[in-house]
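Below is one structure; the comments refer to it alone.
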Amino acid sequence: MITKEKVLEAEERWTKAHLERDVEVIGELMHPDYTIIKPNGSVWDRETALASYIPGKREWVEAGSSNHIVNIYGDTALVIGIWKAKGVNNGSPFDYQARYTSLWVKMNGKLGIVSDQSTEIV
């Protein structure tokens, strides 16, 4: 059974992996059917998302999430939170915060993020 604590632990691992640019952990946490809806409306699959973590092209100075609302539906959890991030992506600096949703599913005894999307807070 999924618990709020386990979901928040997975969220923390996800955030830490971004900050440390640990693509291996990011890949471990991604469900095989992972998709992300980008701010411009495009949809990336797992392979495209993983390929975007090009060494030297993306650097995170700050990454964190807070204000979590976690809803559990059997083996599925929906998280709503606030994401703050700062760094450089492909030579362009970024410093933003966004409201996000992430969908986690428990399969074969482990949690995997199936989808996420964020909307910048301006």
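Lettering and numbering for the structure tokens are positional, with chains as A, B, ... in the shown order, residues counted from 1 in each chain, and ligands counted from 1 in the shown order.
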Which of stretch 48-115 of chain A end up as strand (DSSP E) when DSSP is run on this backbone - answer as a ChimeraX atom specification? /A:58-73,76-89,92-107,110-115
Deliver the residues from the most recent selection as a file, using C-alpha atoms, as an mmCIF file, in the first residue's frame.
```
data_model
loop_
_atom_site.group_PDB
_atom_site.id
_atom_site.type_symbol
_atom_site.label_atom_id
_atom_site.label_comp_id
_atom_site.auth_asym_id
_atom_site.auth_seq_id
_atom_site.Cartn_x
_atom_site.Cartn_y
_atom_site.Cartn_z
ATOM 1 C CA ARG A 58 21.884 21.633 -17.493
ATOM 2 C CA GLU A 59 23.029 22.714 -14.066
ATOM 3 C CA TRP A 60 20.853 23.138 -11.012
ATOM 4 C CA VAL A 61 21.930 25.539 -8.284
ATOM 5 C CA GLU A 62 18.675 25.174 -6.389
ATOM 6 C CA ALA A 63 15.825 22.681 -6.570
ATOM 7 C CA GLY A 64 13.123 21.997 -4.042
ATOM 8 C CA SER A 65 9.463 21.327 -3.547
ATOM 9 C CA SER A 66 7.069 22.280 -0.768
ATOM 10 C CA ASN A 67 3.418 22.832 0.131
ATOM 11 C CA HIS A 68 2.573 19.237 -0.764
ATOM 12 C CA ILE A 69 -0.959 17.958 -1.029
ATOM 13 C CA VAL A 70 -0.899 14.175 -1.423
ATOM 14 C CA ASN A 71 -3.992 12.213 -2.408
ATOM 15 C CA ILE A 72 -3.798 8.410 -2.416
ATOM 16 C CA TYR A 73 -6.031 6.272 -4.659
ATOM 17 C CA THR A 76 -1.730 5.633 -7.232
ATOM 18 C CA ALA A 77 -0.853 8.976 -5.671
ATOM 19 C CA LEU A 78 -1.425 12.490 -6.965
ATOM 20 C CA VAL A 79 0.888 15.166 -5.579
ATOM 21 C CA ILE A 80 0.284 18.890 -5.892
ATOM 22 C CA GLY A 81 3.099 21.128 -4.719
ATOM 23 C CA ILE A 82 5.291 24.122 -5.375
ATOM 24 C CA TRP A 83 8.580 23.602 -7.206
ATOM 25 C CA LYS A 84 11.419 26.132 -6.970
ATOM 26 C CA ALA A 85 14.425 25.842 -9.229
ATOM 27 C CA LYS A 86 17.404 27.912 -10.253
ATOM 28 C CA GLY A 87 20.256 27.154 -12.622
ATOM 29 C CA VAL A 88 21.268 27.103 -16.269
ATOM 30 C CA ASN A 89 19.678 25.058 -19.057
ATOM 31 C CA SER A 92 19.983 30.077 -20.507
ATOM 32 C CA PRO A 93 19.680 30.902 -16.817
ATOM 33 C CA PHE A 94 16.423 30.100 -15.079
ATOM 34 C CA ASP A 95 15.039 31.071 -11.685
ATOM 35 C CA TYR A 96 11.400 30.199 -11.200
ATOM 36 C CA GLN A 97 8.761 28.654 -9.074
ATOM 37 C CA ALA A 98 5.791 26.700 -10.316
ATOM 38 C CA ARG A 99 2.736 24.871 -9.063
ATOM 39 C CA TYR A 100 3.065 21.260 -10.176
ATOM 40 C CA THR A 101 1.261 17.968 -10.204
ATOM 41 C CA SER A 102 2.951 14.604 -10.283
ATOM 42 C CA LEU A 103 1.352 11.202 -10.588
ATOM 43 C CA TRP A 104 3.017 8.245 -8.855
ATOM 44 C CA VAL A 105 2.087 4.578 -9.273
ATOM 45 C CA LYS A 106 3.232 1.567 -7.300
ATOM 46 C CA MET A 107 4.220 -1.334 -9.549
ATOM 47 C CA LYS A 110 8.181 0.344 -6.017
ATOM 48 C CA LEU A 111 6.905 3.823 -6.752
ATOM 49 C CA GLY A 112 7.410 5.320 -10.204
ATOM 50 C CA ILE A 113 6.486 8.753 -11.460
ATOM 51 C CA VAL A 114 4.153 8.345 -14.439
ATOM 52 C CA SER A 115 3.561 11.968 -15.343
#
```
Return the single residue from A:Ile54, A:Thr48, A:Thr15, A:Glu120 that is closest to A:Gly91, with distances computed using only C-alpha atoms.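 Looking only at the distances to A:Gly91, the closest residue turns out to be A:Ile54.
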Between A:Gly109, A:Lys6, A:Pro55, A:Leu50, which has the minimum distance to A:Glu24 (counting only C-alpha atoms)?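 Smallest separation from A:Glu24 among the options: A:Leu50.
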Write out as a compact mmCIF listing (two decimals) with all heavy atoms, in the first residue's frame all residues of chain A that backbone DSSP assigns to helix (DSSP H, G or I).
```
# COMPACT_ATOMS: atom_id res chain seq x y z
N LYS A 4 1.45 8.32 2.36
CA LYS A 4 1.88 9.69 2.11
C LYS A 4 3.38 9.83 2.35
O LYS A 4 4.08 10.48 1.57
CB LYS A 4 1.09 10.64 3.01
CG LYS A 4 1.46 12.08 2.84
CD LYS A 4 0.62 12.98 3.74
CE LYS A 4 1.02 14.42 3.58
NZ LYS A 4 0.19 15.32 4.40
N GLU A 5 3.87 9.20 3.39
CA GLU A 5 5.29 9.29 3.72
C GLU A 5 6.16 8.72 2.61
O GLU A 5 7.18 9.30 2.24
CB GLU A 5 5.58 8.57 5.05
CG GLU A 5 4.98 9.23 6.27
CD GLU A 5 3.47 9.05 6.42
OE1 GLU A 5 2.89 8.08 5.84
OE2 GLU A 5 2.85 9.88 7.10
N LYS A 6 5.76 7.57 2.06
CA LYS A 6 6.54 6.95 0.97
C LYS A 6 6.52 7.82 -0.28
O LYS A 6 7.53 7.93 -0.98
CB LYS A 6 6.00 5.55 0.64
CG LYS A 6 6.24 4.55 1.73
CD LYS A 6 7.70 4.23 1.87
CE LYS A 6 7.92 3.15 2.92
NZ LYS A 6 9.33 3.00 3.24
N VAL A 7 5.38 8.43 -0.56
CA VAL A 7 5.28 9.31 -1.73
C VAL A 7 6.19 10.52 -1.54
O VAL A 7 6.92 10.90 -2.46
CB VAL A 7 3.82 9.74 -1.98
CG1 VAL A 7 3.74 10.79 -3.08
CG2 VAL A 7 2.96 8.53 -2.33
N LEU A 8 6.16 11.11 -0.36
CA LEU A 8 7.01 12.28 -0.11
C LEU A 8 8.49 11.91 -0.13
O LEU A 8 9.32 12.71 -0.57
CB LEU A 8 6.61 12.97 1.19
CG LEU A 8 5.25 13.66 1.14
CD1 LEU A 8 4.88 14.22 2.51
CD2 LEU A 8 5.21 14.75 0.07
N GLU A 9 8.83 10.69 0.30
CA GLU A 9 10.21 10.22 0.17
C GLU A 9 10.62 10.13 -1.30
O GLU A 9 11.74 10.53 -1.67
CB GLU A 9 10.38 8.85 0.83
CG GLU A 9 10.41 8.86 2.33
CD GLU A 9 10.44 7.46 2.92
OE1 GLU A 9 10.76 6.47 2.20
OE2 GLU A 9 10.15 7.34 4.13
N ALA A 10 9.74 9.62 -2.14
CA ALA A 10 10.02 9.53 -3.58
C ALA A 10 10.16 10.93 -4.18
O ALA A 10 11.06 11.17 -4.99
CB ALA A 10 8.93 8.74 -4.29
N GLU A 11 9.29 11.84 -3.78
CA GLU A 11 9.38 13.23 -4.26
C GLU A 11 10.73 13.84 -3.87
O GLU A 11 11.36 14.53 -4.66
CB GLU A 11 8.25 14.07 -3.67
CG GLU A 11 6.91 13.87 -4.32
CD GLU A 11 6.71 14.71 -5.56
OE1 GLU A 11 7.32 15.80 -5.70
OE2 GLU A 11 5.93 14.28 -6.43
N GLU A 12 11.16 13.57 -2.64
CA GLU A 12 12.44 14.11 -2.18
C GLU A 12 13.61 13.51 -2.97
O GLU A 12 14.54 14.23 -3.35
CB GLU A 12 12.64 13.86 -0.69
CG GLU A 12 13.95 14.45 -0.22
CD GLU A 12 13.98 14.77 1.26
OE1 GLU A 12 12.93 15.01 1.85
OE2 GLU A 12 15.10 14.77 1.79
N ARG A 13 13.56 12.21 -3.23
CA ARG A 13 14.61 11.58 -4.06
C ARG A 13 14.64 12.19 -5.46
O ARG A 13 15.71 12.42 -6.03
CB ARG A 13 14.38 10.07 -4.17
CG ARG A 13 14.78 9.30 -2.96
CD ARG A 13 14.71 7.79 -3.20
NE ARG A 13 15.78 7.39 -4.12
CZ ARG A 13 15.67 6.38 -4.98
NH1 ARG A 13 14.58 5.66 -5.04
NH2 ARG A 13 16.68 6.07 -5.79
N TRP A 14 13.46 12.45 -6.03
CA TRP A 14 13.32 13.05 -7.36
C TRP A 14 13.98 14.44 -7.37
O TRP A 14 14.77 14.75 -8.24
CB TRP A 14 11.83 13.13 -7.68
CG TRP A 14 11.44 13.72 -8.99
CD1 TRP A 14 10.88 14.95 -9.19
CD2 TRP A 14 11.51 13.12 -10.29
NE1 TRP A 14 10.61 15.13 -10.52
CE2 TRP A 14 10.98 14.03 -11.21
CE3 TRP A 14 11.96 11.88 -10.73
CZ2 TRP A 14 10.90 13.76 -12.57
CZ3 TRP A 14 11.89 11.61 -12.10
CH2 TRP A 14 11.36 12.54 -12.99
N THR A 15 13.66 15.25 -6.35
CA THR A 15 14.22 16.60 -6.25
C THR A 15 15.74 16.54 -6.08
O THR A 15 16.47 17.26 -6.77
CB THR A 15 13.58 17.35 -5.07
OG1 THR A 15 12.18 17.44 -5.31
CG2 THR A 15 14.14 18.74 -4.93
N LYS A 16 16.20 15.71 -5.17
CA LYS A 16 17.64 15.60 -4.91
C LYS A 16 18.38 15.13 -6.16
O LYS A 16 19.46 15.62 -6.48
CB LYS A 16 17.88 14.63 -3.75
CG LYS A 16 19.32 14.51 -3.36
CD LYS A 16 19.49 13.57 -2.18
CE LYS A 16 20.97 13.42 -1.84
NZ LYS A 16 21.19 12.42 -0.80
N ALA A 17 17.81 14.19 -6.89
CA ALA A 17 18.45 13.70 -8.12
C ALA A 17 18.57 14.81 -9.15
O ALA A 17 19.57 14.88 -9.87
CB ALA A 17 17.66 12.51 -8.69
N HIS A 18 17.57 15.69 -9.23
CA HIS A 18 17.67 16.83 -10.15
C HIS A 18 18.80 17.76 -9.72
O HIS A 18 19.60 18.19 -10.54
CB HIS A 18 16.34 17.59 -10.22
CG HIS A 18 15.36 16.96 -11.12
ND1 HIS A 18 14.61 15.86 -10.76
CD2 HIS A 18 15.02 17.25 -12.41
CE1 HIS A 18 13.84 15.52 -11.77
NE2 HIS A 18 14.07 16.33 -12.79
N LEU A 19 18.83 18.08 -8.45
CA LEU A 19 19.85 18.99 -7.93
C LEU A 19 21.25 18.43 -8.16
O LEU A 19 22.16 19.17 -8.53
CB LEU A 19 19.60 19.25 -6.44
CG LEU A 19 20.48 20.29 -5.78
CD1 LEU A 19 20.37 21.65 -6.47
CD2 LEU A 19 20.13 20.43 -4.31
N VAL A 23 21.20 11.32 -13.24
CA VAL A 23 20.30 10.79 -14.26
C VAL A 23 19.94 9.34 -13.98
O VAL A 23 18.83 8.90 -14.29
CB VAL A 23 20.92 10.95 -15.67
CG1 VAL A 23 20.00 10.38 -16.74
CG2 VAL A 23 21.21 12.42 -15.95
N GLU A 24 20.83 8.60 -13.35
CA GLU A 24 20.54 7.20 -13.02
C GLU A 24 19.34 7.12 -12.05
O GLU A 24 18.42 6.33 -12.27
CB GLU A 24 21.76 6.53 -12.41
CG GLU A 24 21.55 5.05 -12.17
CD GLU A 24 22.81 4.36 -11.69
OE1 GLU A 24 23.90 4.72 -12.15
OE2 GLU A 24 22.68 3.45 -10.85
N VAL A 25 19.35 7.94 -11.01
CA VAL A 25 18.24 7.92 -10.05
C VAL A 25 16.97 8.47 -10.70
O VAL A 25 15.88 7.92 -10.50
CB VAL A 25 18.59 8.71 -8.77
CG1 VAL A 25 17.37 8.89 -7.87
CG2 VAL A 25 19.70 7.99 -8.01
N ILE A 26 17.10 9.51 -11.50
CA ILE A 26 15.93 10.04 -12.21
C ILE A 26 15.31 8.93 -13.05
O ILE A 26 14.09 8.73 -13.03
CB ILE A 26 16.31 11.27 -13.07
CG1 ILE A 26 16.67 12.45 -12.17
CG2 ILE A 26 15.18 11.64 -14.02
CD1 ILE A 26 17.31 13.62 -12.89
N GLY A 27 16.13 8.20 -13.79
CA GLY A 27 15.63 7.09 -14.60
C GLY A 27 15.00 5.98 -13.78
O GLY A 27 13.99 5.40 -14.17
N GLU A 28 15.58 5.68 -12.61
CA GLU A 28 15.01 4.66 -11.73
C GLU A 28 13.63 5.06 -11.23
O GLU A 28 12.75 4.22 -11.06
CB GLU A 28 15.92 4.43 -10.52
CG GLU A 28 17.18 3.67 -10.79
CD GLU A 28 18.10 3.62 -9.57
OE1 GLU A 28 17.64 3.88 -8.44
OE2 GLU A 28 19.29 3.33 -9.76
N LEU A 29 13.45 6.35 -10.96
CA LEU A 29 12.18 6.83 -10.43
C LEU A 29 11.11 6.99 -11.51
O LEU A 29 9.93 7.02 -11.20
CB LEU A 29 12.38 8.16 -9.70
CG LEU A 29 13.13 8.06 -8.37
CD1 LEU A 29 13.53 9.44 -7.88
CD2 LEU A 29 12.30 7.34 -7.34
N ARG A 46 9.48 9.27 -21.83
CA ARG A 46 10.57 8.99 -20.90
C ARG A 46 11.94 9.16 -21.56
O ARG A 46 12.85 9.78 -21.00
CB ARG A 46 10.41 7.56 -20.37
CG ARG A 46 11.42 7.15 -19.34
CD ARG A 46 11.15 5.70 -18.88
NE ARG A 46 11.96 5.34 -17.75
CZ ARG A 46 13.23 4.93 -17.83
NH1 ARG A 46 13.82 4.84 -19.02
NH2 ARG A 46 13.91 4.62 -16.74
N GLU A 47 12.09 8.61 -22.76
CA GLU A 47 13.40 8.66 -23.44
C GLU A 47 13.80 10.10 -23.77
O GLU A 47 14.96 10.48 -23.60
CB GLU A 47 13.38 7.82 -24.72
CG GLU A 47 12.89 6.38 -24.57
CD GLU A 47 13.38 5.66 -23.31
OE1 GLU A 47 14.57 5.78 -22.98
OE2 GLU A 47 12.58 5.00 -22.66
N THR A 48 12.85 10.89 -24.24
CA THR A 48 13.14 12.29 -24.58
C THR A 48 13.50 13.07 -23.33
O THR A 48 14.45 13.87 -23.33
CB THR A 48 11.92 12.94 -25.28
OG1 THR A 48 11.59 12.16 -26.44
CG2 THR A 48 12.21 14.37 -25.69
N ALA A 49 12.75 12.84 -22.25
CA ALA A 49 13.03 13.53 -20.98
C ALA A 49 14.42 13.17 -20.47
O ALA A 49 15.20 14.05 -20.09
CB ALA A 49 11.96 13.19 -19.95
N LEU A 50 14.75 11.88 -20.47
CA LEU A 50 16.08 11.47 -20.00
C LEU A 50 17.20 12.05 -20.87
O LEU A 50 18.24 12.45 -20.36
CB LEU A 50 16.19 9.94 -19.95
CG LEU A 50 15.53 9.27 -18.75
CD1 LEU A 50 15.52 7.76 -18.92
CD2 LEU A 50 16.22 9.66 -17.46
N ALA A 51 16.97 12.11 -22.17
CA ALA A 51 17.98 12.64 -23.08
C ALA A 51 18.23 14.13 -22.86
O ALA A 51 19.28 14.65 -23.23
CB ALA A 51 17.57 12.39 -24.53
```
